[in-house]
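Undergrad: Just passing along the structure, written as structure tokens.
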Amino acid sequence: MHPTSRLPLVLLLTAPLVLMAPSSRAQVAPASAASVAPPVDLPAASSSASVPSAVDLDDIRNFSRVYEVVRQAYVEKVDDKTLMKAAITGMLAGLDPHSEYLDKEGLTQLDEDTTGEYSGLGIEVLQVDGGLRIVSPIDDTPAARAGIKPGDSIVKINGSLIDAQNVDDMFRQLRGKPGSKIELTIAHANSDKLIDLQLVRESISVSSIKVRELEPGYVYIRITQFQADTASDLESKLAALIKKNGAAKGAVLDLRNNPGGLLTAAVGVSDDFLDSGTIVTTRGRLQDSNMSFKAHPGDQLNAAPLIVLTNNGTASAAEIVAGALKDNHRALTMGQRTFGKGVVQTVLPLDADHAVKITTARYYTPNGTSIQAEGIKPDIALAELTVNKADSGPVLISSEADLPNHLANENAKAGTDINADGSAADAKLATSDYALSQALNVLKGMALRQPAADRR
């Protein structure tokens with residue numbers, strides 16, 4: 001066997017099954033899985049790993065018998081290659097929802113996923129009980145524009161009902177050439193009403209970072225997923241905004257419906273807001289699965305208050321960022337509990353066209369907490385609400401200035417509008433994004449309690 005250091009290791013932090021969007025996958029290796037050609041010899045397990053038991057001969061005989069029964073008695077003829085692929089696929093699928101066998105097509109998709117360029121609808125999907133459930137739509141994609149929401153279920157594709165027998169074929173149908181049409185029948189969460197959607201696949205290159213000002217001094221940072229250039233893109237866009245508008249009083253980091261992405265990008269983004277401390281650790285049976293990532297000096301926001309928005313669609317590598325900032329007391333988290341995907345996959349290439357993606361480690365937040373199947377609970381919980389502006393009649397007298405013969409303010413400036421108190425802007429933001437408006441209000445309170453002299 002080769003020593004552990006020779007393992008062409010590719011670690012994946014993936015939220016559920018990826019369809020049309022850049023994957024929620026993370027890797028710790030400069031090469032993508034698709035580019036690694038040599039066959040792999042599994043490394044020796046660490047000394048703490050238990051010695052695997054020998055395979056029972058009866059099990060081998062049973063496998064051979066089942067194989068022959070299927071070849072000879074199945075209603076339709078199945079070639080040996082298809083049977084072997086199904087056997088490998090079934091073996092890995094029986095382990096957990098994230099381990100899988102990757103053929104040439106799967107490796108190509110994996111390579112595309114890390115670039116952020118793909119052709120499809122822009123949805124992350126989880127396979128549940130033989131069906132397909134939406135984890136999150138990607139911003140500015142056909143799925144998002146059609147109104148698809150996290151928690152929706154895909155019931156039919158092009159009129160064909162999805163079931164456990166055809167779910168893999170349906171999965172493949174979601175990909176297609178740009179400009180080609182597809183019909184989805186979906187059901188929203190907690191609803192039995194079916195909705196037919198006519199969608200057109202697109203070639204999509206999505207920038208994972210959006211940075212803008214919410215109000216003077218308050219920055220909004222939206223990360224849709226973690227791609228290879230996410231951290232560097234954040235650094236350049238945030239630096240340009242601060243150079244243009246001055247130092248930030250505070251910022252909101254929006255990780256809602258972020259399915260994850262490259263681990264290196266998640267570590268880089270966390271490092272951008274931390275001066276020191278652990279970001280994440282991983283632990284598994286293999287020596288190369290045991291890693292720890294530390295922050296370096298240099299906070300892009302210069303210690304200005306930070307709030308991280310999360311929800312049930314915040315998954316995988318996005319949870320690493322939320323956990324790192326929360327445990328290091330760098331940010332408050334607001335929203336709902338995150339998805340809870342706390343395991344790591346390693347891609348082991350078998351040859352140029354085939355690989356195995358298998359769960360090899362769990363990851364832990366700086367406090368040593370595993371979020372697997374539990375997620376991260378927010379510091380401040382927010383319900384998923386839509387706010388409507390209250391109806392109110394015209395008000396004739398709303399202040400002293402409306403009273404006849406009132407005394408003028410001797411310091412008043414000409415042309416000022418005393419009603420421009422910010423409430424109209426708050427109402428506009430609250431009705432469009434309730435959680436973001438609440439985060440901004442809390443952020444202002446945090447900024448007021450932090451004198452400028454206290455900032456590093």
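Going by the structure tokens order, chains are called A, B, ..., each with residues numbered from 1, while ligands are numbered from 1 in the order shown.
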DSSP on the backbone: which residues in segment 230-384 of chain A end up as strand (DSSP E)? Give the answer as a PyMOL selection string.
TA: chain A and resi 250-254+278-284+291-294+306-310+332-335+343-349+355-364+380-381
Undergrad: What residues in segment 222-419 of chain A get the DSSP label alpha helix (DSSP H)? Please answer as a ChimeraX atom specification.
TA: /A:230-245,263-272,317-327
Undergrad: Since we have the selection now, will you write its residues out, keeping C-alpha atoms, as a CSV table (one decimal), in the first residue's frame?
TA:
```csv
chain,number,residue,atom,x,y,z
A,230,THR,CA,-15.7,33.0,-3.6
A,231,ALA,CA,-13.2,34.2,-1.0
A,232,SER,CA,-11.1,36.3,-3.4
A,233,ASP,CA,-14.3,37.7,-4.9
A,234,LEU,CA,-15.6,38.7,-1.5
A,235,GLU,CA,-12.3,40.4,-0.6
A,236,SER,CA,-12.2,42.5,-3.8
A,237,LYS,CA,-15.9,43.5,-3.8
A,238,LEU,CA,-16.0,44.3,-0.1
A,239,ALA,CA,-12.7,46.3,-0.3
A,240,ALA,CA,-14.0,48.3,-3.2
A,241,LEU,CA,-17.3,49.1,-1.4
A,242,ILE,CA,-15.4,50.2,1.7
A,243,LYS,CA,-13.0,52.3,-0.3
A,244,LYS,CA,-16.0,54.0,-2.0
A,245,ASN,CA,-18.2,54.6,1.0
A,263,LEU,CA,-14.3,23.8,1.8
A,264,THR,CA,-11.3,26.0,0.9
A,265,ALA,CA,-13.7,28.8,0.0
A,266,ALA,CA,-15.7,28.4,3.3
A,267,VAL,CA,-12.4,28.5,5.2
A,268,GLY,CA,-11.3,31.6,3.2
A,269,VAL,CA,-14.5,33.5,3.9
A,270,SER,CA,-14.4,32.7,7.6
A,271,ASP,CA,-10.8,33.9,7.7
A,272,ASP,CA,-11.8,37.1,6.0
A,317,ALA,CA,-19.8,24.5,3.9
A,318,ALA,CA,-22.2,27.4,4.7
A,319,GLU,CA,-22.7,25.8,8.1
A,320,ILE,CA,-18.9,25.8,8.6
A,321,VAL,CA,-18.8,29.6,8.1
A,322,ALA,CA,-21.8,30.2,10.4
A,323,GLY,CA,-20.3,27.9,13.1
A,324,ALA,CA,-16.8,29.4,12.9
A,325,LEU,CA,-18.2,33.0,13.3
A,326,LYS,CA,-20.6,32.0,16.0
A,327,ASP,CA,-18.2,29.9,18.1
```
Undergrad: Between atom CA of Glu105 of chain A and atom CA of Ile148 of chain A, measure the distance and give it in Å to one decimal.
TA: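 Interatomic distance, atom CA of Glu105 of chain A to atom CA of Ile148 of chain A: 26.5 Å.
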Undergrad: What's the 6 Å shell around Asp163 of chain A, counting only C-alpha atoms, without same-chain residues fewer than 4 positions away, as a PyMOL selection string?
TA: chain A and resi 130-131+167
Undergrad: Find the spatial neighbours of Pro137 of chain A, counting only C-alpha atoms, within a cut-off of 10 Å - ignore same-chain residues fewer than 3 positions away - and output them as a VMD selection string.
TA: chain A and resid 20 to 21 121 to 125 134 140 to 150 224 257 to 259 313
Undergrad: Can those selected residues be exported to a file as a short mmCIF file (atom, residue, chain, number, x, y, z; two decimals), in the first residue's frame so that it contains N, CA and C atoms?
TA:
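Okay, this is what ended up in result04.cif:
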```cif
data_model
loop_
_atom_site.label_atom_id
_atom_site.label_comp_id
_atom_site.auth_asym_id
_atom_site.auth_seq_id
_atom_site.Cartn_x
_atom_site.Cartn_y
_atom_site.Cartn_z
N MET A 20 -29.17 20.78 -10.76
CA MET A 20 -28.93 21.76 -11.81
C MET A 20 -27.99 22.88 -11.40
N ALA A 21 -27.53 22.87 -10.18
CA ALA A 21 -26.78 24.02 -9.73
C ALA A 21 -25.35 23.64 -9.43
N LEU A 121 -31.37 24.28 -14.39
CA LEU A 121 -32.47 25.07 -13.83
C LEU A 121 -32.06 25.89 -12.62
N GLY A 122 -31.02 25.46 -11.90
CA GLY A 122 -30.59 26.20 -10.73
C GLY A 122 -31.26 25.76 -9.45
N ILE A 123 -31.28 24.43 -9.20
CA ILE A 123 -31.90 23.92 -7.98
C ILE A 123 -31.00 22.87 -7.34
N GLU A 124 -31.02 22.85 -6.02
CA GLU A 124 -30.38 21.80 -5.24
C GLU A 124 -31.49 20.87 -4.75
N VAL A 125 -31.29 19.57 -4.95
CA VAL A 125 -32.36 18.61 -4.69
C VAL A 125 -31.87 17.47 -3.82
N ILE A 134 -36.79 19.80 -3.05
CA ILE A 134 -35.95 20.98 -3.27
C ILE A 134 -35.32 21.41 -1.95
N ASP A 140 -31.38 34.07 -9.16
CA ASP A 140 -31.32 34.51 -10.56
C ASP A 140 -31.16 33.34 -11.54
N THR A 141 -31.91 32.29 -11.32
CA THR A 141 -31.92 31.13 -12.21
C THR A 141 -33.36 30.83 -12.60
N PRO A 142 -33.59 29.97 -13.61
CA PRO A 142 -34.96 29.65 -13.99
C PRO A 142 -35.81 29.15 -12.82
N ALA A 143 -35.23 28.33 -11.95
CA ALA A 143 -35.99 27.80 -10.82
C ALA A 143 -36.43 28.90 -9.87
N ALA A 144 -35.50 29.81 -9.54
CA ALA A 144 -35.84 30.90 -8.63
C ALA A 144 -36.88 31.83 -9.24
N ARG A 145 -36.74 32.13 -10.53
CA ARG A 145 -37.70 33.03 -11.18
C ARG A 145 -39.08 32.39 -11.30
N ALA A 146 -39.13 31.07 -11.32
CA ALA A 146 -40.42 30.38 -11.42
C ALA A 146 -41.12 30.27 -10.08
N GLY A 147 -40.45 30.67 -9.01
CA GLY A 147 -41.09 30.64 -7.70
C GLY A 147 -40.88 29.36 -6.92
N ILE A 148 -39.95 28.52 -7.35
CA ILE A 148 -39.64 27.30 -6.59
C ILE A 148 -39.00 27.68 -5.26
N LYS A 149 -39.41 27.01 -4.18
CA LYS A 149 -38.97 27.37 -2.84
C LYS A 149 -38.36 26.16 -2.13
N PRO A 150 -37.51 26.41 -1.13
CA PRO A 150 -36.98 25.30 -0.33
C PRO A 150 -38.12 24.49 0.28
N THR A 224 -24.23 32.96 -2.27
CA THR A 224 -25.19 31.95 -2.72
C THR A 224 -24.63 30.54 -2.64
N ASN A 257 -30.41 29.66 2.40
CA ASN A 257 -30.53 28.83 1.19
C ASN A 257 -29.20 28.66 0.47
N ASN A 258 -28.11 28.74 1.21
CA ASN A 258 -26.79 28.48 0.64
C ASN A 258 -26.48 27.00 0.85
N PRO A 259 -26.42 26.21 -0.24
CA PRO A 259 -26.26 24.76 -0.08
C PRO A 259 -24.84 24.32 0.24
N GLY A 313 -32.20 26.00 4.76
CA GLY A 313 -31.46 25.74 3.53
C GLY A 313 -29.99 26.08 3.62
#
```
Undergrad: Could you give me, as a list in words, the residues within 12 Å of Gly445 of chain A, counting only C-alpha atoms and dropping anything in the same chain fewer than 6 positions from it?
TA: Tyr218, Lys249, Gly250, Pro305, Leu306, Ile307, Gln438, Ala439 and Pro451 of chain A
Undergrad: Measuring atom to atom with only C-alpha atoms, identify which of A:Gly340, A:Gly246, A:Gly284, A:Gly94 is nearest to Ala315 of chain A.
TA: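 Counting only C-alpha atoms, the residue closest to Ala315 of chain A is A:Gly340.
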Undergrad: Can you work out which one of A:Gln109, A:Asn441, A:Thr310, A:Ser292 has the shortest atom-to-atom distance to Leu429 of chain A, counting only C-alpha atoms?
TA: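 Of the candidates, the smallest distance to Leu429 of chain A is held by A:Asn441.
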Undergrad: Would you pick out the contacts of Arg212 of chain A at 8 Å or less, using only C-alpha atoms, so that residues sharing its chain but fewer than 4 positions from it are not included, and give the list as a PyMOL selection string?
TA: chain A and resi 219-221+241
Undergrad: Would you mind telling me which residue in A:Ala304, A:Gly393, A:Val280, A:Asn409 lies nearest to Ser370 of chain A when using only C-alpha atoms?
TA: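 Ranking A:Ala304, A:Gly393, A:Val280, A:Asn409 by distance to Ser370 of chain A, first place goes to A:Val280.
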Undergrad: Report as a ChimeraX atom specification all protein, DNA and RNA residues lying within 12 Å of Met170 of chain A, evaluated on only C-alpha atoms, omitting residues in the same chain fewer than 3 positions from it.
TA: /A:19,125,127,130-132,154-167,173-176,182-184
Undergrad: Could the residues in this selection be saved with N, CA and C atoms as a PDB file, in the first residue's frame?
TA:
```pdb
ATOM      1  N   LEU A  19     -28.440  18.725  -8.485  1.00  0.00           N
ATOM      2  CA  LEU A  19     -28.965  18.559  -9.841  1.00  0.00           C
ATOM      3  C   LEU A  19     -28.459  19.666 -10.744  1.00  0.00           C
ATOM      4  N   VAL A 125     -31.295  19.572  -4.954  1.00  0.00           N
ATOM      5  CA  VAL A 125     -32.365  18.608  -4.688  1.00  0.00           C
ATOM      6  C   VAL A 125     -31.874  17.469  -3.818  1.00  0.00           C
ATOM      7  N   GLN A 127     -32.779  13.562  -2.518  1.00  0.00           N
ATOM      8  CA  GLN A 127     -33.584  12.379  -2.801  1.00  0.00           C
ATOM      9  C   GLN A 127     -34.132  11.840  -1.486  1.00  0.00           C
ATOM     10  N   GLY A 130     -37.522   7.927  -2.374  1.00  0.00           N
ATOM     11  CA  GLY A 130     -37.815   7.696  -3.780  1.00  0.00           C
ATOM     12  C   GLY A 130     -38.332   8.900  -4.526  1.00  0.00           C
ATOM     13  N   GLY A 131     -38.305  10.066  -3.888  1.00  0.00           N
ATOM     14  CA  GLY A 131     -38.754  11.293  -4.543  1.00  0.00           C
ATOM     15  C   GLY A 131     -37.675  12.346  -4.523  1.00  0.00           C
ATOM     16  N   LEU A 132     -37.957  13.506  -5.080  1.00  0.00           N
ATOM     17  CA  LEU A 132     -37.007  14.613  -5.150  1.00  0.00           C
ATOM     18  C   LEU A 132     -37.572  15.825  -4.429  1.00  0.00           C
ATOM     19  N   ILE A 154     -40.676  17.773  -6.132  1.00  0.00           N
ATOM     20  CA  ILE A 154     -40.939  17.562  -7.549  1.00  0.00           C
ATOM     21  C   ILE A 154     -41.734  16.274  -7.689  1.00  0.00           C
ATOM     22  N   VAL A 155     -42.943  16.379  -8.178  1.00  0.00           N
ATOM     23  CA  VAL A 155     -43.846  15.227  -8.287  1.00  0.00           C
ATOM     24  C   VAL A 155     -43.725  14.574  -9.660  1.00  0.00           C
ATOM     25  N   LYS A 156     -43.659  15.388 -10.709  1.00  0.00           N
ATOM     26  CA  LYS A 156     -43.554  14.866 -12.072  1.00  0.00           C
ATOM     27  C   LYS A 156     -42.507  15.666 -12.849  1.00  0.00           C
ATOM     28  N   ILE A 157     -41.946  15.003 -13.840  1.00  0.00           N
ATOM     29  CA  ILE A 157     -41.073  15.665 -14.803  1.00  0.00           C
ATOM     30  C   ILE A 157     -41.562  15.295 -16.196  1.00  0.00           C
ATOM     31  N   ASN A 158     -41.930  16.321 -16.947  1.00  0.00           N
ATOM     32  CA  ASN A 158     -42.496  16.120 -18.298  1.00  0.00           C
ATOM     33  C   ASN A 158     -43.663  15.145 -18.269  1.00  0.00           C
ATOM     34  N   GLY A 159     -44.482  15.252 -17.234  1.00  0.00           N
ATOM     35  CA  GLY A 159     -45.689  14.440 -17.128  1.00  0.00           C
ATOM     36  C   GLY A 159     -45.502  13.068 -16.545  1.00  0.00           C
ATOM     37  N   SER A 160     -44.260  12.640 -16.300  1.00  0.00           N
ATOM     38  CA  SER A 160     -44.006  11.306 -15.746  1.00  0.00           C
ATOM     39  C   SER A 160     -43.862  11.393 -14.232  1.00  0.00           C
ATOM     40  N   LEU A 161     -44.594  10.545 -13.531  1.00  0.00           N
ATOM     41  CA  LEU A 161     -44.575  10.539 -12.076  1.00  0.00           C
ATOM     42  C   LEU A 161     -43.244   9.988 -11.576  1.00  0.00           C
ATOM     43  N   ILE A 162     -42.671  10.633 -10.577  1.00  0.00           N
ATOM     44  CA  ILE A 162     -41.408  10.199 -10.000  1.00  0.00           C
ATOM     45  C   ILE A 162     -41.671   9.156  -8.917  1.00  0.00           C
ATOM     46  N   ASP A 163     -40.948   8.034  -8.977  1.00  0.00           N
ATOM     47  CA  ASP A 163     -41.033   7.029  -7.926  1.00  0.00           C
ATOM     48  C   ASP A 163     -39.648   6.447  -7.693  1.00  0.00           C
ATOM     49  N   ALA A 164     -39.557   5.497  -6.766  1.00  0.00           N
ATOM     50  CA  ALA A 164     -38.262   4.950  -6.384  1.00  0.00           C
ATOM     51  C   ALA A 164     -37.570   4.229  -7.534  1.00  0.00           C
ATOM     52  N   GLN A 165     -38.344   3.711  -8.483  1.00  0.00           N
ATOM     53  CA  GLN A 165     -37.768   2.954  -9.583  1.00  0.00           C
ATOM     54  C   GLN A 165     -37.154   3.845 -10.669  1.00  0.00           C
ATOM     55  N   ASN A 166     -37.694   5.037 -10.844  1.00  0.00           N
ATOM     56  CA  ASN A 166     -37.209   5.877 -11.942  1.00  0.00           C
ATOM     57  C   ASN A 166     -36.531   7.155 -11.489  1.00  0.00           C
ATOM     58  N   VAL A 167     -36.289   7.286 -10.179  1.00  0.00           N
ATOM     59  CA  VAL A 167     -35.798   8.558  -9.663  1.00  0.00           C
ATOM     60  C   VAL A 167     -34.436   8.927 -10.252  1.00  0.00           C
ATOM     61  N   GLN A 173     -32.783  13.643 -16.279  1.00  0.00           N
ATOM     62  CA  GLN A 173     -33.593  14.455 -17.188  1.00  0.00           C
ATOM     63  C   GLN A 173     -33.536  15.934 -16.854  1.00  0.00           C
ATOM     64  N   LEU A 174     -33.230  16.256 -15.624  1.00  0.00           N
ATOM     65  CA  LEU A 174     -33.208  17.663 -15.245  1.00  0.00           C
ATOM     66  C   LEU A 174     -32.065  18.427 -15.911  1.00  0.00           C
ATOM     67  N   ARG A 175     -31.029  17.715 -16.296  1.00  0.00           N
ATOM     68  CA  ARG A 175     -29.969  18.363 -17.064  1.00  0.00           C
ATOM     69  C   ARG A 175     -30.315  18.320 -18.546  1.00  0.00           C
ATOM     70  N   GLY A 176     -29.772  19.268 -19.274  1.00  0.00           N
ATOM     71  CA  GLY A 176     -30.053  19.299 -20.703  1.00  0.00           C
ATOM     72  C   GLY A 176     -29.380  20.476 -21.366  1.00  0.00           C
ATOM     73  N   ILE A 182     -38.463  22.063 -20.259  1.00  0.00           N
ATOM     74  CA  ILE A 182     -38.798  20.988 -19.336  1.00  0.00           C
ATOM     75  C   ILE A 182     -40.008  21.421 -18.524  1.00  0.00           C
ATOM     76  N   GLU A 183     -40.875  20.469 -18.224  1.00  0.00           N
ATOM     77  CA  GLU A 183     -42.056  20.755 -17.415  1.00  0.00           C
ATOM     78  C   GLU A 183     -41.935  20.045 -16.072  1.00  0.00           C
ATOM     79  N   LEU A 184     -42.016  20.821 -15.001  1.00  0.00           N
ATOM     80  CA  LEU A 184     -41.989  20.275 -13.647  1.00  0.00           C
ATOM     81  C   LEU A 184     -43.360  20.422 -13.009  1.00  0.00           C
TER      82      LEU A 184
END
```
Undergrad: So what do you get for atom CA of Tyr364 of chain A versus atom CA of Met334 of chain A, distance-wise?
TA: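 Atom CA of Met334 of chain A lies 20.3 Å from atom CA of Tyr364 of chain A.
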Undergrad: Give me, please, the distance in Å between atom CA of Phe273 of chain A and atom CA of Ala331 of chain A, quoted to one decimal.
TA: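 Interatomic distance here is 9.2 Å.
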